[in-house]
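S.K.: Compact mmCIF, C-alpha atoms, saved as my_file16.txt, coming up:
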```
# COMPACT_ATOMS: atom_id res chain seq x y z
CA MET F 1 0.00 0.00 0.00
CA THR F 2 1.41 3.37 -1.03
CA LEU F 3 -0.28 6.22 0.79
CA THR F 4 0.16 9.93 1.29
CA GLN F 5 2.84 10.32 3.94
CA GLN F 6 1.70 13.58 5.52
CA LYS F 7 -0.30 12.68 8.64
CA THR F 8 -3.80 14.09 9.00
CA SER F 9 -5.43 14.39 12.40
CA ASN F 10 -9.01 15.00 11.27
CA ILE F 11 -9.92 11.40 10.29
CA SER F 12 -10.67 8.37 12.44
CA ILE F 13 -10.88 5.04 10.59
CA ILE F 14 -13.20 2.37 12.00
CA ILE F 15 -12.62 -1.23 10.89
CA PRO F 16 -15.24 -3.85 11.85
CA THR F 17 -13.75 -7.34 11.92
CA LEU F 18 -14.74 -10.97 12.19
CA ASN F 19 -11.86 -13.39 11.61
CA GLU F 20 -9.78 -10.88 9.64
CA ALA F 21 -6.33 -11.46 11.19
CA HIS F 22 -4.78 -12.16 7.76
CA ASN F 23 -6.04 -8.88 6.27
CA LEU F 24 -4.92 -6.47 9.01
CA PRO F 25 -1.17 -6.25 8.20
CA ALA F 26 -2.00 -4.64 4.85
CA LEU F 27 -3.85 -1.86 6.70
CA GLN F 28 -1.04 -1.06 9.14
CA PRO F 29 0.33 1.86 7.02
CA LEU F 30 -2.91 3.72 7.78
CA LEU F 31 -1.68 4.21 11.33
CA GLY F 32 0.83 6.77 10.09
CA ILE F 33 -1.73 8.62 8.00
CA VAL F 34 -4.76 9.35 10.22
CA ARG F 35 -5.39 10.27 13.84
CA GLU F 36 -6.44 6.73 14.81
CA CYS F 37 -7.52 3.38 13.42
CA ILE F 38 -10.03 1.55 15.58
CA VAL F 39 -10.55 -2.17 15.04
CA VAL F 40 -13.89 -3.29 16.47
CA ASP F 41 -14.00 -7.05 16.66
CA GLY F 42 -17.28 -8.93 16.68
CA GLY F 43 -16.20 -12.17 18.31
CA SER F 44 -13.48 -13.56 16.05
CA THR F 45 -12.31 -17.11 16.63
CA ASP F 46 -8.91 -16.45 15.07
CA ASP F 47 -6.23 -14.06 16.39
CA THR F 48 -7.79 -10.89 14.98
CA SER F 49 -7.70 -8.88 18.24
CA LYS F 50 -4.21 -10.11 19.14
CA VAL F 51 -2.84 -9.30 15.68
CA ALA F 52 -4.53 -5.90 15.64
CA ARG F 53 -2.98 -4.93 18.98
CA SER F 54 0.45 -6.16 17.91
CA LEU F 55 0.25 -3.97 14.80
CA GLY F 56 -0.66 -0.89 16.84
CA PHE F 57 -4.39 -0.61 16.20
CA GLN F 58 -6.75 0.50 18.93
CA VAL F 59 -8.97 -2.53 19.60
CA GLU F 60 -12.52 -2.61 20.91
CA GLU F 61 -14.73 -5.67 21.20
CA CYS F 62 -18.48 -6.17 21.10
CA ALA F 63 -21.11 -8.72 20.15
CA GLU F 64 -21.18 -9.85 16.52
CA GLY F 65 -23.03 -7.54 14.15
CA ARG F 66 -21.60 -4.92 11.86
CA GLY F 67 -24.09 -2.23 12.93
CA PRO F 68 -23.14 -2.43 16.62
CA GLN F 69 -19.45 -2.69 15.70
CA LEU F 70 -19.57 0.45 13.57
CA ASN F 71 -21.49 2.37 16.21
CA LEU F 72 -19.05 1.40 18.96
CA GLY F 73 -16.10 2.45 16.79
CA ALA F 74 -17.74 5.81 16.07
CA ALA F 75 -18.39 6.35 19.78
CA CYS F 76 -14.71 5.73 20.53
CA ALA F 77 -13.43 7.95 17.71
CA SER F 78 -11.97 11.36 18.55
CA ALA F 79 -11.57 12.92 15.08
CA PRO F 80 -14.26 15.09 13.44
CA LEU F 81 -14.41 12.87 10.34
CA LEU F 82 -15.26 9.16 10.42
CA LEU F 83 -14.31 6.65 7.72
CA PHE F 84 -15.73 3.11 7.89
CA LEU F 85 -13.43 0.60 6.22
CA HIS F 86 -13.87 -3.11 5.58
CA ALA F 87 -10.80 -5.09 6.57
CA ASP F 88 -10.34 -6.49 3.06
CA THR F 89 -10.46 -3.09 1.35
CA GLN F 90 -7.57 -0.80 0.35
CA LEU F 91 -8.00 2.97 0.23
CA PRO F 92 -6.67 5.16 -2.61
CA PRO F 93 -3.33 6.93 -1.97
CA ASP F 94 -4.81 10.44 -1.71
CA PHE F 95 -7.81 9.52 0.44
CA PRO F 96 -7.14 12.02 3.31
CA HIS F 97 -7.20 14.99 0.93
CA ALA F 98 -10.21 13.62 -0.96
CA VAL F 99 -12.22 12.95 2.20
CA THR F 100 -11.40 16.33 3.75
CA ASN F 101 -12.30 18.25 0.60
CA CYS F 102 -15.57 16.36 0.15
CA MET F 103 -16.67 16.94 3.73
CA ALA F 104 -15.86 20.65 3.49
CA ASN F 105 -19.09 20.92 1.48
CA PRO F 106 -21.90 21.27 4.05
CA ALA F 107 -24.42 19.85 1.56
CA ALA F 108 -22.57 16.51 1.50
CA MET F 109 -23.99 14.17 4.13
CA VAL F 110 -22.03 11.03 3.28
CA GLY F 111 -19.16 10.27 0.93
CA ALA F 112 -17.78 7.08 -0.61
CA PHE F 113 -15.32 5.96 -3.29
CA ARG F 114 -15.74 4.20 -6.59
CA LEU F 115 -15.52 0.44 -6.28
CA LYS F 116 -12.87 -1.84 -7.75
CA VAL F 117 -12.84 -5.60 -7.07
CA GLU F 118 -9.68 -7.69 -7.21
CA GLY F 119 -9.62 -10.29 -9.95
CA GLY F 120 -12.57 -11.37 -12.04
CA GLY F 121 -13.26 -11.28 -15.75
CA ILE F 122 -15.68 -9.46 -17.98
CA VAL F 123 -18.73 -10.41 -15.91
CA MET F 124 -17.20 -9.06 -12.73
CA ARG F 125 -16.17 -5.85 -14.45
CA ALA F 126 -19.73 -5.37 -15.70
CA ILE F 127 -21.12 -5.91 -12.19
CA VAL F 128 -18.68 -3.40 -10.71
CA ARG F 129 -19.56 -0.89 -13.41
CA GLY F 130 -23.23 -1.28 -12.50
CA ALA F 131 -22.44 -0.82 -8.82
CA ASN F 132 -20.58 2.40 -9.55
CA LEU F 133 -23.43 3.72 -11.69
CA ARG F 134 -25.87 2.94 -8.87
CA ALA F 135 -23.67 4.73 -6.36
CA ARG F 136 -23.24 7.78 -8.55
CA PHE F 137 -26.71 8.30 -10.01
CA LEU F 138 -28.89 6.81 -7.25
CA GLN F 139 -26.60 8.14 -4.49
CA LEU F 140 -26.54 4.66 -2.96
CA PRO F 141 -23.01 3.39 -2.28
CA TYR F 142 -22.57 0.34 -0.05
CA GLY F 143 -20.25 -0.28 2.87
CA ASP F 144 -17.50 -1.85 0.76
CA GLN F 145 -16.99 1.59 -0.83
CA ALA F 146 -15.59 3.03 2.44
CA LEU F 147 -18.36 5.32 3.65
CA PHE F 148 -17.25 8.52 5.39
CA LEU F 149 -18.94 11.52 7.00
CA ARG F 150 -18.67 14.17 9.70
CA LYS F 151 -19.06 12.76 13.19
CA GLU F 152 -21.69 15.36 14.05
CA VAL F 153 -23.79 14.21 11.08
CA PHE F 154 -23.35 10.58 12.13
CA THR F 155 -24.73 11.49 15.55
CA GLU F 156 -27.64 13.45 14.06
CA LEU F 157 -28.56 10.46 11.87
CA GLY F 158 -28.62 8.19 14.90
CA GLY F 159 -25.76 5.98 13.75
CA PHE F 160 -26.15 2.70 11.90
CA PRO F 161 -29.22 0.61 12.57
CA GLU F 162 -28.19 -2.29 14.76
CA LEU F 163 -29.20 -4.93 12.24
CA PRO F 164 -27.31 -8.13 11.39
CA ILE F 165 -27.38 -7.14 7.71
CA MET F 166 -28.37 -4.16 5.51
CA GLU F 167 -27.04 -1.61 8.01
CA ASP F 168 -25.14 0.31 5.31
CA TYR F 169 -28.08 0.31 2.88
CA VAL F 170 -30.54 1.60 5.49
CA PHE F 171 -28.08 4.19 6.78
CA VAL F 172 -27.26 5.65 3.36
CA ARG F 173 -30.93 5.84 2.38
CA LYS F 174 -31.61 7.78 5.56
CA ALA F 175 -28.68 10.12 4.90
CA LYS F 176 -29.87 10.75 1.34
CA LYS F 177 -33.08 12.28 2.69
CA ARG F 178 -30.99 14.87 4.55
CA GLY F 179 -28.53 15.88 1.84
CA LYS F 180 -26.19 14.70 -0.88
CA VAL F 181 -24.43 11.34 -0.91
CA VAL F 182 -21.23 11.80 -2.92
CA THR F 183 -19.24 9.06 -4.66
CA LEU F 184 -15.70 10.26 -5.38
CA PRO F 185 -13.84 9.27 -8.57
CA GLN F 186 -10.96 7.69 -6.64
CA GLU F 187 -11.22 3.92 -6.24
CA VAL F 188 -11.10 1.61 -3.28
CA THR F 189 -9.96 -1.93 -4.06
CA THR F 190 -11.81 -4.67 -2.25
CA SER F 191 -11.33 -8.42 -2.13
CA GLY F 192 -13.35 -10.53 -4.54
CA ARG F 193 -13.57 -13.39 -2.03
CA ARG F 194 -17.36 -13.39 -1.68
CA TRP F 195 -17.90 -13.16 -5.43
CA GLN F 196 -15.39 -15.96 -5.91
CA ARG F 197 -17.04 -18.16 -3.30
CA LEU F 198 -20.60 -17.86 -4.57
CA GLY F 199 -19.91 -16.81 -8.15
CA ALA F 200 -20.25 -13.27 -9.54
CA ILE F 201 -23.73 -13.62 -11.01
CA ARG F 202 -25.10 -15.57 -8.06
CA THR F 203 -23.67 -13.08 -5.57
CA THR F 204 -25.25 -10.16 -7.42
CA LEU F 205 -28.59 -11.97 -7.59
CA VAL F 206 -28.46 -12.75 -3.87
CA ASN F 207 -27.69 -9.10 -3.09
CA GLN F 208 -30.69 -7.89 -5.08
CA LEU F 209 -33.02 -10.50 -3.61
CA VAL F 210 -31.97 -9.52 -0.10
CA ILE F 211 -32.83 -5.88 -0.83
CA LEU F 212 -36.18 -6.88 -2.35
CA ALA F 213 -37.01 -9.13 0.59
CA TYR F 214 -36.10 -6.37 3.03
CA HIS F 215 -38.49 -3.96 1.31
CA LEU F 216 -41.20 -6.63 1.38
CA GLY F 217 -40.86 -6.76 5.14
CA VAL F 218 -38.76 -9.87 5.68
CA PRO F 219 -36.89 -9.38 8.99
CA ALA F 220 -33.17 -8.73 8.54
CA GLU F 221 -32.40 -11.58 10.95
CA LYS F 222 -33.94 -14.05 8.48
CA LEU F 223 -31.88 -12.71 5.59
CA VAL F 224 -28.43 -13.25 7.10
CA SER F 225 -28.05 -16.93 6.24
CA PHE F 226 -29.30 -16.42 2.68
CA TYR F 227 -26.89 -13.51 2.18
CA ARG F 228 -23.89 -15.50 3.39
CA THR F 229 -24.61 -18.81 1.67
CA GLY F 230 -26.95 -18.02 -1.19
CA ARG F 231 -29.26 -20.76 0.06
CA VAL F 232 -32.72 -20.57 1.51
CA THR F 233 -33.19 -22.30 4.87
CA LEU F 234 -36.64 -23.89 4.85
CA ARG F 235 -36.69 -24.84 8.49
CA GLU F 236 -34.65 -24.23 11.59
CA THR F 237 -32.55 -27.07 12.94
```
What is this structure when it is put down as structure tokens?

M.R.:
Amino acid sequence: MTLTQQKTSNISIIIPTLNEAHNLPALQPLLGIVRECIVVDGGSTDDTSKVARSLGFQVEECAEGRGPQLNLGAACASAPLLLFLHADTQLPPDFPHAVTNCMANPAAMVGAFRLKVEGGGIVMRAIVRGANLRARFLQLPYGDQALFLRKEVFTELGGFPELPIMEDYVFVRKAKKRGKVVTLPQEVTTSGRRWQRLGAIRTTLVNQLVILAYHLGVPAEKLVSFYRTGRVTLRET
């Protein structure tokens, strides 16, 4: 990772984790760039917390669930700008300048970056292009695009809903009612592991079905298993 070397003190990065020990070393250079990087672990069974501490990250722990993890990280953050980063995602080199400039516009409620996914062929590139068009024209970026905003706005919006899934989608839709959601031209690069595990087309279909089911009133708790496996559970065991 090659990043801007001048340290900025106005950004806190919050990294929710669940068994992400192998991804954290690649994020260590961020420690020299921003005021603080807070790893919020949701009950990992690997050495995520131990590795994070050894690398110099501030570590907090809470029950599993990305919404609660993100909210705890935001509560612990001391900088005026918050950036929520998935552990398998790399930020662009000039992100501090880009984030600061974007948030200087009072009309901007939330910002994000264009998405780039590691690996994949023509189908994956088409899916990513569609995701970037959605983010830009519908003002609906997802969490893997490194959402950022002013801490005061985060507080006014009430934080992320404490759902087991869809917390980023619900949060951004709420923010969009208050002001502009900006997707910057710089790219974040995220792992293609989920697309590789389920397949690019199947993953995209699952994502859209989860959103549809949510709007039809299916409880988020019932959507988690389908989102992770792409399979419908007909009965509880």

S.K.: With 7 Å as the cut-off and all atoms listed in the file counted, what is the closest atom pair between each nearby residue of region 60-115 of chain F and region 183-187 of chain F? Distances in Å to one decimal, ordered by chain and number, as JSON lines.

M.R.:
```
{"residue": "F:Pro92", "atom": "CA", "partner": "F:Glu187", "partner_atom": "CA", "distance": 6.0}
{"residue": "F:Gly111", "atom": "CA", "partner": "F:Thr183", "partner_atom": "CA", "distance": 5.7}
{"residue": "F:Ala112", "atom": "CA", "partner": "F:Thr183", "partner_atom": "CA", "distance": 4.7}
{"residue": "F:Phe113", "atom": "CA", "partner": "F:Leu184", "partner_atom": "CA", "distance": 4.8}
{"residue": "F:Arg114", "atom": "CA", "partner": "F:Glu187", "partner_atom": "CA", "distance": 4.5}
{"residue": "F:Leu115", "atom": "CA", "partner": "F:Glu187", "partner_atom": "CA", "distance": 5.5}
```

S.K.: Please measure the separation of CA of Ile11 (chain F) and CA of Val170 (chain F), giving the value in Å to one decimal.

M.R.: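 Interatomic distance here is 23.3 Å.
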
S.K.: Output, as JSON, the centre and edge lengths in Å (one decimal) of the axis-aligned box that contains all listed atoms of region 92-108 of chain F with 8 Å of margin on each side.

M.R.:
```
{"center_x": -13.9, "center_y": 13.2, "center_z": 0.7, "size_x": 37.1, "size_y": 32.1, "size_z": 22.7}
```

S.K.: Leaving out Leu24 (chain F) and any residue of its chain fewer than 6 positions from it, which residues lie within 9 Å of it when counting all atoms listed in the file, given as a VMD selection string?

M.R.: chain F and resid 48 51 to 52 55 87 to 88

S.K.: Can you pull out every residue within 10 Å of Val40 (chain F), counting only C-alpha atoms, but drop anything in the same chain fewer than 4 positions away, and send it as a list of chain:residue names?

M.R.: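 Within the cut-off, the hits are F:Ile14, F:Ile15, F:Pro16, F:Thr17, F:Leu18, F:Thr48, F:Ser49, F:Ala52, F:Phe57, F:Gln58, F:Val59, F:Glu60, F:Glu61, F:Cys62, F:Ala63, F:Glu64, F:Arg66, F:Pro68, F:Gln69, F:Leu70, F:Asn71, F:Leu72, F:Gly73, F:Ala74, F:Cys76.
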
S.K.: I want to know what sits within 12 Å of region 197-203 of chain F, based on all atoms listed in the file, with residues of the same chain fewer than 6 positions away left out; could you give that as a PyMOL selection string?

M.R.: chain F and resi 117+119-128+191+209-210+226-231

S.K.: Neighbouring residues of Leu163 (chain F) were defined as those with any atom within 7 Å, considering all atoms listed in the file; residues of the same chain fewer than 3 positions away were excluded. Please report them as a ChimeraX atom specification.

M.R.: /F:65,67,166-167,220

S.K.: Keeping only C-alpha atoms, write those residues as a PDB file, in the coordinates of the input.

M.R.:
```pdb
ATOM      1  CA  GLY F  65     -23.030  -7.540  14.150  1.00  0.00           C
ATOM      2  CA  GLY F  67     -24.090  -2.230  12.930  1.00  0.00           C
ATOM      3  CA  MET F 166     -28.370  -4.160   5.510  1.00  0.00           C
ATOM      4  CA  GLU F 167     -27.040  -1.610   8.010  1.00  0.00           C
ATOM      5  CA  ALA F 220     -33.170  -8.730   8.540  1.00  0.00           C
TER       6      ALA F 220
END
```

S.K.: For Thr190 (chain F), which residue out of F:Lys116, F:His97, F:Lys7, F:Lys174 is the nearest one, using only C-alpha atoms?

M.R.: F:Lys116

S.K.: Counting all atoms listed in the file, which residues in region 161-183 of chain F sit no more than 12 Å from region 141-150 of chain F? For each one, give the nearest pair of atoms and the distance in Å, sorted by chain then residue number, as a Markdown table.

M.R.:
```
| residue | atom | partner | partner_atom | distance |
| --- | --- | --- | --- | --- |
| F:Ile165 | CA | F:Gly143 | CA | 11.0 |
| F:Met166 | CA | F:Tyr142 | CA | 9.2 |
| F:Glu167 | CA | F:Gly143 | CA | 8.6 |
| F:Asp168 | CA | F:Gly143 | CA | 5.5 |
| F:Tyr169 | CA | F:Tyr142 | CA | 6.2 |
| F:Val170 | CA | F:Tyr142 | CA | 9.8 |
| F:Phe171 | CA | F:Tyr142 | CA | 9.6 |
| F:Val172 | CA | F:Pro141 | CA | 7.4 |
| F:Arg173 | CA | F:Pro141 | CA | 9.5 |
| F:Ala175 | CA | F:Leu149 | CA | 10.1 |
| F:Lys176 | CA | F:Pro141 | CA | 10.7 |
| F:Gly179 | CA | F:Leu149 | CA | 11.7 |
| F:Lys180 | CA | F:Leu149 | CA | 11.2 |
| F:Val181 | CA | F:Pro141 | CA | 8.2 |
| F:Val182 | CA | F:Pro141 | CA | 8.6 |
| F:Thr183 | CA | F:Pro141 | CA | 7.2 |
```

S.K.: Please identify all polymer residues within 6 Å of Asn10 (chain F), counting all atoms listed in the file, omitting same-chain residues fewer than 6 positions from it, and present them as an MDAnalysis selection string.

M.R.: chainID F and resid 79:81

S.K.: Any idea what the distance is between CA of Pro161 (chain F) and CA of Val188 (chain F)?

M.R.: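 Straight-line distance from CA of Pro161 (chain F) to CA of Val188 (chain F) works out to 24.1 Å.
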
S.K.: Which of these, F:Gln139, F:Ala75, F:Gln196, F:Ala131, has the shortest distance to Gly158 (chain F) once you count all atoms listed in the file?

M.R.: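 Closest to Gly158 (chain F) of all the choices is F:Ala75.
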
S.K.: Just how far from CA of Ser12 (chain F) is CA of Ala77 (chain F), in Å to one decimal?

M.R.: 6.0 Å

S.K.: So, with only C-alpha atoms as the atoms that count, which of F:Ile38, F:Leu31, F:Val218, F:Val110 lies closest to Thr8 (chain F)?

M.R.: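 The closest residue to Thr8 (chain F) is F:Leu31.
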
S.K.: With distances taken over all atoms listed in the file, which of F:Gln208, F:Thr155, F:Thr189, F:Ser225 is nearest to Leu91 (chain F)?

M.R.: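 Selected residue with least distance to Leu91 (chain F): F:Thr189.
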
S.K.: Could you tell me which of F:Thr45, F:Thr89, F:Ser78, F:Gln28 comes closest to Gly192 (chain F) if we count only C-alpha atoms?

M.R.: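 Smallest separation from Gly192 (chain F) among the options: F:Thr89.
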